[in-house]
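Shown next: protein02.tsv, containing TSV, C-alpha atoms and all ligand atoms.
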```tsv
chain	number	residue	atom	x	y	z
A	457	MET	CA	0.00	0.00	0.00
A	458	SER	CA	1.43	3.33	-0.84
A	459	ASN	CA	0.39	6.87	-0.37
A	460	PRO	CA	3.11	9.06	-1.72
A	461	GLY	CA	3.32	12.55	-0.45
A	462	ALA	CA	0.43	12.13	1.95
A	463	ASP	CA	1.66	13.85	5.01
A	464	SER	CA	-1.17	16.15	5.78
A	465	ALA	CA	-0.81	15.44	9.49
A	466	MET	CA	2.46	17.31	9.43
A	467	ASP	CA	1.79	20.12	7.08
A	468	GLY	CA	-1.65	21.41	8.01
A	469	GLU	CA	-1.78	25.06	8.98
A	470	ARG	CA	-3.82	25.72	12.10
A	471	LYS	CA	-7.05	27.59	11.53
A	472	MET	CA	-7.49	28.61	15.15
A	473	PRO	CA	-6.11	31.89	16.50
A	474	ALA	CA	-2.48	31.78	17.62
A	475	PHE	CA	-2.13	30.01	20.97
A	476	ASP	CA	-1.08	31.90	24.03
A	477	GLY	CA	-2.66	35.14	22.84
A	478	ARG	CA	0.33	35.94	20.63
A	479	GLU	CA	-0.40	37.78	17.39
A	480	GLU	CA	0.83	36.22	14.18
A	481	GLY	CA	4.20	37.72	13.25
A	482	SER	CA	4.53	39.51	16.57
A	483	ALA	CA	8.05	38.21	17.17
A	484	ASP	CA	10.38	40.99	18.16
A	485	GLN	CA	13.33	40.29	15.92
A	486	SER	CA	15.37	42.94	17.74
A	487	GLU	CA	15.89	40.50	20.59
A	488	GLY	CA	18.78	38.94	18.73
A	489	LYS	CA	19.50	35.52	17.30
A	490	VAL	CA	17.66	33.56	19.89
A	491	GLY	CA	14.70	35.92	20.14
A	492	ARG	CA	14.11	34.99	23.81
A	493	PRO	CA	16.70	35.30	26.54
A	494	GLN	CA	18.52	31.98	26.89
A	495	GLU	CA	17.09	31.14	30.26
A	496	ILE	CA	18.69	27.99	31.64
A	497	VAL	CA	16.21	25.68	33.33
A	498	TRP	CA	18.38	24.58	36.25
A	499	ARG	CA	15.85	22.04	37.46
A	500	ASN	CA	16.31	20.07	34.23
A	501	VAL	CA	20.10	20.40	34.38
A	502	VAL	CA	20.22	19.08	37.95
A	503	LEU	CA	17.75	16.24	37.31
A	504	MET	CA	19.56	15.11	34.16
A	505	ALA	CA	22.93	15.28	35.94
A	506	LEU	CA	21.55	13.15	38.79
A	507	LEU	CA	19.99	10.70	36.34
A	508	HIS	CA	23.23	10.26	34.40
A	509	ALA	CA	25.32	9.93	37.58
A	510	SER	CA	22.89	7.24	38.82
A	511	ALA	CA	23.13	5.45	35.49
A	512	VAL	CA	26.92	5.34	35.77
A	513	TYR	CA	26.59	3.96	39.31
A	514	SER	CA	24.13	1.29	37.97
A	515	LEU	CA	26.95	-0.22	35.92
A	516	VAL	CA	28.66	-1.55	39.06
A	517	LEU	CA	25.49	-3.49	39.89
A	518	ILE	CA	25.52	-5.48	36.64
A	519	PRO	CA	27.88	-8.26	37.82
A	520	ARG	CA	25.96	-8.50	41.11
A	521	SER	CA	22.52	-8.93	39.55
A	522	HIS	CA	20.49	-11.92	38.41
A	523	ILE	CA	20.81	-12.68	34.70
A	524	PHE	CA	17.01	-12.50	34.39
A	525	THR	CA	17.16	-8.91	35.67
A	526	LEU	CA	19.47	-7.97	32.81
A	527	ILE	CA	17.22	-9.72	30.30
A	528	TRP	CA	14.23	-7.94	31.83
A	529	ALA	CA	15.99	-4.56	31.61
A	530	TYR	CA	16.70	-5.22	27.93
A	531	LEU	CA	13.08	-6.23	27.34
A	532	CYS	CA	11.97	-2.99	29.00
A	533	PHE	CA	14.35	-1.14	26.68
A	534	ILE	CA	12.70	-2.72	23.63
A	535	VAL	CA	9.18	-1.90	24.88
A	536	THR	CA	10.33	1.65	25.70
A	537	ALA	CA	11.82	2.02	22.24
A	538	LEU	CA	8.67	0.75	20.52
A	539	GLY	CA	6.59	3.26	22.49
A	540	VAL	CA	8.67	5.98	20.85
A	541	THR	CA	9.45	4.56	17.39
A	542	ALA	CA	6.27	2.65	16.49
A	543	GLY	CA	4.09	4.84	18.74
A	544	ALA	CA	4.89	8.53	19.13
A	545	HIS	CA	7.00	8.63	15.99
A	546	ARG	CA	5.62	6.54	13.14
A	547	LEU	CA	2.00	6.27	14.29
A	548	TRP	CA	1.11	9.53	15.98
A	549	SER	CA	3.60	12.07	14.60
A	550	HIS	CA	3.55	10.89	11.00
A	551	ARG	CA	0.33	8.86	10.71
A	552	SER	CA	2.30	6.45	8.54
A	553	TYR	CA	-0.02	3.57	9.41
A	554	LYS	CA	-3.25	3.00	11.33
A	555	ALA	CA	-3.45	1.03	14.56
A	556	LYS	CA	-6.45	-0.58	16.25
A	557	LEU	CA	-7.34	0.30	19.84
A	558	PRO	CA	-5.51	-2.55	21.68
A	559	LEU	CA	-2.27	-1.68	19.89
A	560	ARG	CA	-2.72	2.03	20.57
A	561	ILE	CA	-3.20	1.26	24.26
A	562	PHE	CA	-0.04	-0.88	24.31
A	563	LEU	CA	1.94	1.83	22.50
A	564	ALA	CA	0.71	4.56	24.85
A	565	ALA	CA	1.70	2.46	27.90
A	566	ALA	CA	5.08	1.77	26.30
A	567	ASN	CA	5.41	5.48	25.62
A	568	SER	CA	4.86	6.24	29.31
A	569	MET	CA	7.64	3.75	30.04
A	570	ALA	CA	9.84	5.93	27.78
A	571	PHE	CA	9.09	9.10	29.82
A	572	GLN	CA	9.94	11.46	26.94
A	573	ASN	CA	7.02	13.87	27.46
A	574	ASP	CA	3.48	12.78	26.69
A	575	ILE	CA	2.56	11.70	23.17
A	576	PHE	CA	0.90	15.02	22.33
A	577	GLU	CA	3.91	17.10	23.38
A	578	TRP	CA	6.40	14.70	21.76
A	579	CYS	CA	4.53	14.76	18.45
A	580	ARG	CA	4.09	18.54	18.55
A	581	ASP	CA	7.84	19.05	18.88
A	582	HIS	CA	8.55	16.37	16.30
A	583	ARG	CA	6.23	17.80	13.64
A	584	VAL	CA	7.76	21.22	14.18
A	585	HIS	CA	11.21	19.61	13.91
A	586	HIS	CA	10.32	18.16	10.49
A	587	LYS	CA	8.66	21.26	9.12
A	588	TYR	CA	11.35	23.69	10.26
A	589	SER	CA	14.44	21.43	10.41
A	590	GLU	CA	17.73	23.17	11.09
A	591	THR	CA	16.14	26.56	11.77
A	592	ASP	CA	15.39	28.41	15.00
A	593	ALA	CA	11.88	26.97	14.88
A	594	ASP	CA	13.30	23.45	15.17
A	595	PRO	CA	13.18	22.56	18.90
A	596	HIS	CA	16.53	20.71	18.67
A	597	ASN	CA	18.08	22.67	15.82
A	598	ALA	CA	21.27	20.72	15.00
A	599	THR	CA	22.98	23.78	13.52
A	600	ARG	CA	23.41	24.91	17.14
A	601	GLY	CA	25.83	22.01	17.67
A	602	PHE	CA	25.86	18.41	18.85
A	603	PHE	CA	25.30	19.21	22.53
A	604	PHE	CA	22.26	21.41	21.91
A	605	ALA	CA	20.65	18.90	19.51
A	606	HIS	CA	21.36	16.02	21.88
A	607	ILE	CA	20.41	17.25	25.35
A	608	GLY	CA	21.03	21.00	25.57
A	609	TRP	CA	17.63	21.85	24.10
A	610	LEU	CA	16.03	20.40	27.25
A	611	PHE	CA	18.09	22.74	29.43
A	612	VAL	CA	16.83	26.06	28.05
A	613	ARG	CA	13.51	27.71	27.24
A	614	LYS	CA	12.44	27.16	23.66
A	615	HIS	CA	13.29	29.64	20.95
A	616	ARG	CA	10.40	31.98	20.29
A	617	ASP	CA	10.14	30.68	16.70
A	618	VAL	CA	9.40	27.14	17.94
A	619	ILE	CA	6.38	28.38	19.83
A	620	GLU	CA	5.20	30.86	17.20
A	621	LYS	CA	5.62	28.68	14.13
A	622	GLY	CA	4.57	25.54	15.98
A	623	GLY	CA	1.50	27.42	17.17
A	624	LYS	CA	0.33	27.71	13.57
A	625	LEU	CA	0.36	23.97	12.90
A	626	ASP	CA	-2.65	21.74	13.33
A	627	PHE	CA	-2.36	19.12	16.07
A	628	SER	CA	-6.09	18.56	16.50
A	629	ASP	CA	-5.86	15.03	15.09
A	630	LEU	CA	-3.73	14.02	18.08
A	631	LEU	CA	-6.30	15.05	20.65
A	632	GLU	CA	-9.06	13.39	18.64
A	633	ASP	CA	-7.49	10.09	19.67
A	634	SER	CA	-8.94	9.12	23.07
A	635	VAL	CA	-5.79	7.12	23.88
A	636	VAL	CA	-3.60	10.22	23.40
A	637	ARG	CA	-5.99	12.30	25.52
A	638	PHE	CA	-6.03	9.68	28.27
A	639	GLN	CA	-2.25	9.33	28.34
A	640	ARG	CA	-1.86	13.14	28.53
A	641	LYS	CA	-4.42	13.42	31.33
A	642	TYR	CA	-2.82	10.72	33.47
A	643	TYR	CA	0.74	11.23	32.27
A	644	LYS	CA	2.49	11.60	35.63
A	645	SER	CA	0.83	8.55	37.21
A	646	SER	CA	1.40	6.49	34.07
A	647	VAL	CA	5.11	7.38	34.09
A	648	VAL	CA	5.49	6.48	37.76
A	649	LEU	CA	3.83	3.14	37.05
A	650	MET	CA	5.36	2.23	33.70
A	651	CYS	CA	8.82	3.81	33.88
A	652	PHE	CA	9.61	3.10	37.54
A	653	VAL	CA	7.21	0.82	39.45
A	654	VAL	CA	6.61	-2.03	36.95
A	655	PRO	CA	10.27	-2.34	35.83
A	656	THR	CA	11.38	-2.42	39.48
A	657	LEU	CA	8.76	-4.78	40.92
A	658	VAL	CA	8.83	-7.56	38.31
A	659	PRO	CA	12.40	-8.81	39.05
A	660	TRP	CA	11.83	-8.51	42.81
A	661	TYR	CA	8.53	-10.40	42.72
A	662	PHE	CA	9.30	-13.11	40.17
A	663	TRP	CA	12.93	-14.07	40.84
A	664	GLY	CA	13.80	-12.43	44.11
A	665	GLU	CA	16.06	-9.67	42.80
A	666	THR	CA	16.75	-6.87	45.28
A	667	LEU	CA	14.61	-3.77	44.78
A	668	TRP	CA	17.85	-1.75	44.67
A	669	ASN	CA	19.29	-3.71	41.74
A	670	SER	CA	16.08	-3.83	39.77
A	671	TYR	CA	15.40	-0.12	40.28
A	672	PHE	CA	18.84	0.95	39.11
A	673	LEU	CA	19.10	-1.51	36.21
A	674	ALA	CA	15.58	-1.81	34.78
A	675	SER	CA	14.49	1.76	35.53
A	676	ILE	CA	17.41	4.15	35.78
A	677	LEU	CA	19.97	2.57	33.46
A	678	ARG	CA	17.40	1.45	30.90
A	679	TYR	CA	15.76	4.91	30.92
A	680	THR	CA	19.05	6.78	30.58
A	681	ILE	CA	20.26	4.62	27.71
A	682	SER	CA	16.92	4.92	25.90
A	683	LEU	CA	16.99	8.72	26.25
A	684	ASN	CA	20.51	8.97	24.85
A	685	VAL	CA	19.76	6.62	21.98
A	686	SER	CA	16.71	8.72	21.07
A	687	TRP	CA	18.69	11.94	21.35
A	688	LEU	CA	21.33	10.50	19.00
A	689	VAL	CA	18.72	10.62	16.24
A	690	ASN	CA	18.54	14.38	16.75
A	691	SER	CA	22.30	14.91	17.15
A	692	ALA	CA	24.44	12.24	15.41
A	693	ALA	CA	21.92	11.38	12.70
A	694	HIS	CA	21.69	15.07	11.81
A	695	MET	CA	25.48	15.37	11.50
A	696	TYR	CA	27.27	12.15	10.59
A	697	GLY	CA	26.50	9.77	7.73
A	698	THR	CA	25.55	9.65	4.08
A	699	ARG	CA	22.77	11.41	2.18
A	700	PRO	CA	21.69	9.09	-0.65
A	701	TYR	CA	18.22	10.63	-0.97
A	702	ASP	CA	18.74	14.34	-0.48
A	703	LYS	CA	22.13	15.96	-0.09
A	704	THR	CA	20.58	19.39	0.43
A	705	ILE	CA	19.30	18.50	3.92
A	706	ASN	CA	21.29	17.71	7.06
A	707	PRO	CA	19.71	14.43	8.27
A	708	ARG	CA	21.85	11.40	7.40
A	709	GLN	CA	21.87	7.62	7.22
A	710	ASN	CA	23.69	6.55	10.37
A	711	ALA	CA	24.21	2.81	10.94
A	712	PHE	CA	25.24	3.22	14.58
A	713	VAL	CA	22.03	5.07	15.40
A	714	THR	CA	19.98	2.55	13.41
A	715	VAL	CA	21.16	-0.34	15.58
A	716	GLY	CA	20.57	1.47	18.89
A	717	ALA	CA	17.31	3.08	17.89
A	718	ILE	CA	15.78	-0.14	16.51
A	719	GLY	CA	15.59	1.11	12.93
A	720	GLU	CA	15.41	4.90	13.20
A	721	GLY	CA	18.84	5.82	11.86
A	722	PHE	CA	17.88	6.01	8.17
A	723	HIS	CA	17.31	9.67	8.84
A	724	ASN	CA	18.08	11.07	5.38
A	725	TYR	CA	15.41	8.74	3.98
A	726	HIS	CA	13.02	9.58	6.80
A	727	HIS	CA	13.23	13.36	6.31
A	728	THR	CA	12.83	12.88	2.55
A	729	PHE	CA	9.82	10.54	2.81
A	730	PRO	CA	8.41	11.16	6.31
A	731	PHE	CA	5.12	9.46	5.51
A	732	ASP	CA	6.78	6.05	4.98
A	733	TYR	CA	5.85	3.64	7.80
A	734	SER	CA	9.24	1.90	7.57
A	735	ALA	CA	11.27	5.12	7.87
A	736	SER	CA	13.69	3.41	5.47
A	737	GLU	CA	13.74	1.76	2.07
A	738	LEU	CA	12.24	-1.69	2.44
A	739	GLY	CA	14.50	-4.65	1.72
A	740	LEU	CA	17.13	-6.38	3.75
A	741	LYS	CA	17.42	-3.50	6.21
A	742	PHE	CA	17.84	-3.80	9.94
A	743	ASN	CA	14.59	-2.29	11.10
A	744	PRO	CA	13.05	-3.97	14.18
A	745	THR	CA	10.35	-1.30	14.42
A	746	THR	CA	9.20	-2.19	10.91
A	747	TRP	CA	9.26	-5.89	11.81
A	748	PHE	CA	7.07	-5.10	14.81
A	749	ILE	CA	4.58	-3.08	12.73
A	750	ASP	CA	4.51	-5.86	10.10
A	751	PHE	CA	3.86	-8.44	12.80
A	752	MET	CA	0.99	-6.31	14.14
A	753	TYR	CA	-0.32	-6.06	10.57
A	754	TRP	CA	-0.23	-9.86	10.38
A	755	LEU	CA	-2.22	-10.00	13.65
A	756	GLY	CA	-4.78	-7.62	12.14
A	757	LEU	CA	-3.99	-4.75	14.51
A	758	VAL	CA	-2.43	-2.52	11.84
A	759	THR	CA	-3.86	-1.28	8.54
A	760	GLU	CA	-2.92	1.22	5.82
A	761	ARG	CA	0.88	1.10	6.01
A	762	LYS	CA	2.09	3.93	3.77
A	763	GLN	CA	5.17	3.49	1.62
A	764	ALA	CA	7.10	5.48	-0.94
A	765	PRO	CA	6.98	3.69	-4.32
A	766	LYS	CA	10.30	2.36	-5.63
A	767	GLU	CA	10.21	4.61	-8.72
A	768	MET	CA	9.69	7.68	-6.59
A	769	ILE	CA	12.66	6.76	-4.39
A	770	GLN	CA	14.87	6.07	-7.40
A	771	ALA	CA	13.93	9.32	-9.13
A	772	ARG	CA	14.61	11.28	-5.97
A	773	LYS	CA	17.99	9.60	-5.45
A	774	GLU	CA	19.03	10.52	-8.99
A	775	ARG	CA	17.80	14.08	-8.63
A	776	THR	CA	19.02	15.07	-5.15
A	777	GLY	CA	21.08	12.17	-3.71
A	778	ASP	CA	24.80	12.35	-2.91
A	779	GLY	CA	25.51	9.24	-4.99
A	780	SER	CA	25.99	6.88	-2.04
A	781	SER	CA	23.81	3.79	-1.83
A	801	LIG	C1	12.86	13.90	25.80
A	801	LIG	C2	12.30	14.06	24.46
A	801	LIG	O1	13.92	13.40	26.00
A	801	LIG	C3	13.13	13.27	23.48
A	801	LIG	C4	12.71	13.52	22.09
A	801	LIG	C5	13.56	12.70	21.17
A	801	LIG	C6	13.14	12.92	19.77
A	801	LIG	C7	13.84	11.97	18.85
A	801	LIG	C8	13.24	12.11	17.49
A	801	LIG	C9	13.77	11.10	16.57
A	801	LIG	C10	12.71	10.39	15.81
A	801	LIG	C11	12.91	8.89	15.87
A	801	LIG	C12	12.60	8.28	17.18
A	801	LIG	C13	13.78	7.49	17.68
A	801	LIG	C14	13.55	6.91	19.04
A	801	LIG	C15	14.51	5.83	19.39
A	801	LIG	C16	14.16	5.20	20.66
A	801	LIG	C17	15.19	4.28	21.15
A	801	LIG	C18	15.14	3.96	22.57
A	801	LIG	N1	4.71	23.83	18.99
A	801	LIG	O2	7.83	23.10	26.34
A	801	LIG	P1	7.39	24.35	27.04
A	801	LIG	C19	4.00	26.12	23.51
A	801	LIG	S1	11.93	14.47	27.15
A	801	LIG	C20	3.74	24.65	19.39
A	801	LIG	O3	7.19	24.26	28.52
A	801	LIG	P2	9.51	26.26	27.52
A	801	LIG	C21	2.84	25.42	24.20
A	801	LIG	O4	1.75	26.28	24.29
A	801	LIG	C22	12.87	14.02	28.54
A	801	LIG	N2	3.68	25.20	20.62
A	801	LIG	O5	8.40	25.53	26.64
A	801	LIG	C23	3.41	25.12	25.55
A	801	LIG	O6	2.42	24.99	26.55
A	801	LIG	P3	1.61	23.60	26.73
A	801	LIG	C24	12.12	14.23	29.83
A	801	LIG	C25	4.62	24.85	21.48
A	801	LIG	O7	8.89	27.01	28.63
A	801	LIG	C26	4.26	26.34	25.82
A	801	LIG	O8	4.78	26.72	24.55
A	801	LIG	N3	11.46	15.51	29.88
A	801	LIG	C27	5.66	23.96	21.14
A	801	LIG	O9	10.34	27.02	26.59
A	801	LIG	C28	5.38	26.06	26.79
A	801	LIG	O10	6.06	24.86	26.35
A	801	LIG	C29	12.11	16.65	30.18
A	801	LIG	O11	13.30	16.66	30.42
A	801	LIG	C30	5.69	23.44	19.83
A	801	LIG	N4	6.65	22.59	19.42
A	801	LIG	O12	10.33	25.06	28.19
A	801	LIG	C31	11.23	17.88	30.19
A	801	LIG	N5	6.47	23.79	22.21
A	801	LIG	O13	2.64	22.46	26.76
A	801	LIG	C32	11.82	18.76	29.20
A	801	LIG	C33	5.95	24.54	23.19
A	801	LIG	O14	0.90	23.76	28.03
A	801	LIG	N6	11.01	19.91	28.83
A	801	LIG	N7	4.84	25.19	22.76
A	801	LIG	O15	0.69	23.48	25.56
A	801	LIG	C34	10.95	21.07	29.51
A	801	LIG	O16	11.25	21.16	30.69
A	801	LIG	C35	10.52	22.27	28.71
A	801	LIG	O17	9.84	21.85	27.56
A	801	LIG	C36	11.75	23.14	28.29
A	801	LIG	C37	11.25	24.30	27.43
A	801	LIG	C38	12.47	23.69	29.51
A	801	LIG	C39	12.72	22.33	27.43
A	802	ZN	ZN	9.99	11.87	12.08
A	803	ZN	ZN	15.34	14.65	12.35
```

The structure in this file should be written as structure tokens.
Amino acid sequence: MSNPGADSAMDGERKMPAFDGREEGSADQSEGKVGRPQEIVWRNVVLMALLHASAVYSLVLIPRSHIFTLIWAYLCFIVTALGVTAGAHRLWSHRSYKAKLPLRIFLAAANSMAFQNDIFEWCRDHRVHHKYSETDADPHNATRGFFFAHIGWLFVRKHRDVIEKGGKLDFSDLLEDSVVRFQRKYYKSSVVLMCFVVPTLVPWYFWGETLWNSYFLASILRYTISLNVSWLVNSAAHMYGTRPYDKTINPRQNAFVTVGAIGEGFHNYHHTFPFDYSASELGLKFNPTTWFIDFMYWLGLVTERKQAPKEMIQARKERTGDGSS
């Protein structure tokens, strides 16, 4: 099934008045490059520093833990990743396939395990990222350097352009989904449960792991690694790699990111054909997220997988690619 160019979910202009009472075009350009003072959000800096320090400490617990705890932590990582890749990214941000209710519920729970902002907020930033890539309106604008694109963007208030230009896009489809609304309404409780309580209690209850070990390995370490892998898509995959589909844009094919991010490192392809449910050319590609969506299709829980036709991909490669394969 293919639906070339259908990406209305990302491109729609919002018909409602600008959010927040701001007038269209009211940005005061005299405020300089950033447009808003670069206010550092110290709470985020401190929390992220604590999280990363705890993750480093978790490493010493690995040899002292039950092997099942490590397997469980890895399983939690995969579920976490699917909540972002198959859920917030390919389903809700890009509408690249349709999912039935039970799958949407699973993906929303998995997304709460990922604790990367609720689905609505994640998709809002991501759609703005695609539409205004590598500009001040891109929440993690990679032209501001690796650190900013990776984690720094979570340490400062957003650039005024993100809020103004993002405010003109249409996100109403997201809130029309009752699962997205529910997850947003109960986001904090769902994160406590899915990101911290469930990963910690399962090893303790089922094979007698200490709560200490399971908390640090299945919650803290797994969460920190999954955050960094996701951030690498914004940083490394916008800087390092090839551009076989469009050499005029920054996003690149990055094999390292592909492996960590279960199939999300074909970023030059993805920014060229964002509506494609596989976020990569189909074929013998390492893309566990696509395998998962295909399996769900086989179970009857997925319909309408969109794909870029082969001829369209080939023509684009010849027209704008960098000549790499
Ligand atoms: C995290 C997110 O880590 C990670 C995203 C990764 C993305 C990867 C993408 C790659 C794709 C492939 C997936 C690969 C995945 C692989 C997985 C493998 C495991 N448009 O935000 P606020 C408005 S989160 C329109 O507070 P500030 C809106 O009205 C980590 N409007 O701005 C909003 O109000 P409301 C954990 C927008 O004050 C208002 O502005 N979480 C937009 O500047 C204020 O919004 C954290 O660390 C927009 N885009 O604060 C929390 N944005 O929401 C981090 C905003 O009520 N966040 N508005 O509607 C924060 O603390 C703050 O957002 C801030 C900025 C300090 C960064
Ligand atoms: Zn995307
Ligand atoms: Zn990108």

(message) Can you work out which residues are within 6 Å of ligand LIG 801 (chain A), considering all atoms listed in the file, and then hand them over as a PyMOL selection string?
(response) chain A and resi 497+500+537+540-541+545+571-573+580-581+584+609-614+618-619+622-623+682-683+685-687+689-690+717+720

(request) For ligand ZN 803 (chain A), collect every residue having any atom at a distance of at most 8 Å from a ligand atom (counting all atoms listed in the file); output as an MDAnalysis selection string. (result) chainID A and resid 585:586 589 689:690 693:694 707 723 726:727

What does the file look like for those residues with C-alpha atoms, as a PDB file, in the frame of the given file?
```pdb
ATOM      1  CA  HIS A 585      11.210  19.610  13.910  1.00  0.00           C
ATOM      2  CA  HIS A 586      10.320  18.160  10.490  1.00  0.00           C
ATOM      3  CA  SER A 589      14.440  21.430  10.410  1.00  0.00           C
ATOM      4  CA  VAL A 689      18.720  10.620  16.240  1.00  0.00           C
ATOM      5  CA  ASN A 690      18.540  14.380  16.750  1.00  0.00           C
ATOM      6  CA  ALA A 693      21.920  11.380  12.700  1.00  0.00           C
ATOM      7  CA  HIS A 694      21.690  15.070  11.810  1.00  0.00           C
ATOM      8  CA  PRO A 707      19.710  14.430   8.270  1.00  0.00           C
ATOM      9  CA  HIS A 723      17.310   9.670   8.840  1.00  0.00           C
ATOM     10  CA  HIS A 726      13.020   9.580   6.800  1.00  0.00           C
ATOM     11  CA  HIS A 727      13.230  13.360   6.310  1.00  0.00           C
TER      12      HIS A 727
END
```

(request) Could you jot down the atom CA of A:Asn567 to atom CA of A:Phe729 separation for me, Å, one decimal place? (result)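 Between atom CA of A:Asn567 and atom CA of A:Phe729 the gap works out to 23.8 Å.
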
(request) Go through A:Ala566, A:Leu515, A:Val647, A:Ala593 one by one, measure the shortest atom-to-atom distance of each to A:Gly539 using all atoms listed in the file, and give the residue with the smallest value. (result)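 Smallest distance to A:Gly539 is found for A:Ala566.
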
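Separating atom CA of A:Phe751 from atom CA of A:Ile561 is a distance of 16.6 Å.
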
Give me stretch 722-733 of chain A with N, CA, C and O atoms filled in, as a short mmCIF file (atom, residue, chain, number, x, y, z; two decimals), in the frame of the given file.
```
data_model
loop_
_atom_site.label_atom_id
_atom_site.label_comp_id
_atom_site.auth_asym_id
_atom_site.auth_seq_id
_atom_site.Cartn_x
_atom_site.Cartn_y
_atom_site.Cartn_z
N PHE A 722 17.89 5.70 9.61
CA PHE A 722 17.88 6.01 8.17
C PHE A 722 17.28 7.41 8.02
O PHE A 722 16.23 7.60 7.41
N HIS A 723 17.97 8.39 8.60
CA HIS A 723 17.31 9.67 8.84
C HIS A 723 17.25 10.55 7.59
O HIS A 723 16.40 11.43 7.50
N ASN A 724 18.17 10.31 6.64
CA ASN A 724 18.08 11.07 5.38
C ASN A 724 16.83 10.60 4.62
O ASN A 724 16.05 11.41 4.09
N TYR A 725 16.63 9.29 4.61
CA TYR A 725 15.41 8.74 3.98
C TYR A 725 14.18 9.28 4.71
O TYR A 725 13.23 9.75 4.08
N HIS A 726 14.21 9.22 6.03
CA HIS A 726 13.02 9.58 6.80
C HIS A 726 12.62 11.04 6.58
O HIS A 726 11.44 11.36 6.44
N HIS A 727 13.60 11.95 6.54
CA HIS A 727 13.23 13.36 6.31
C HIS A 727 12.80 13.59 4.86
O HIS A 727 12.10 14.56 4.58
N THR A 728 13.24 12.72 3.95
CA THR A 728 12.83 12.88 2.55
C THR A 728 11.43 12.31 2.32
O THR A 728 10.62 12.88 1.59
N PHE A 729 11.14 11.18 2.96
CA PHE A 729 9.82 10.54 2.81
C PHE A 729 9.22 10.29 4.20
O PHE A 729 9.09 9.14 4.63
N PRO A 730 8.83 11.34 4.90
CA PRO A 730 8.41 11.16 6.31
C PRO A 730 7.13 10.36 6.49
O PRO A 730 6.84 9.90 7.58
N PHE A 731 6.39 10.19 5.40
CA PHE A 731 5.12 9.46 5.51
C PHE A 731 5.30 7.95 5.46
O PHE A 731 4.36 7.19 5.65
N ASP A 732 6.53 7.48 5.18
CA ASP A 732 6.78 6.05 4.98
C ASP A 732 6.82 5.31 6.32
O ASP A 732 7.63 5.65 7.19
N TYR A 733 5.97 4.29 6.49
CA TYR A 733 5.85 3.64 7.80
C TYR A 733 7.13 2.93 8.21
O TYR A 733 7.33 2.62 9.38
#
```
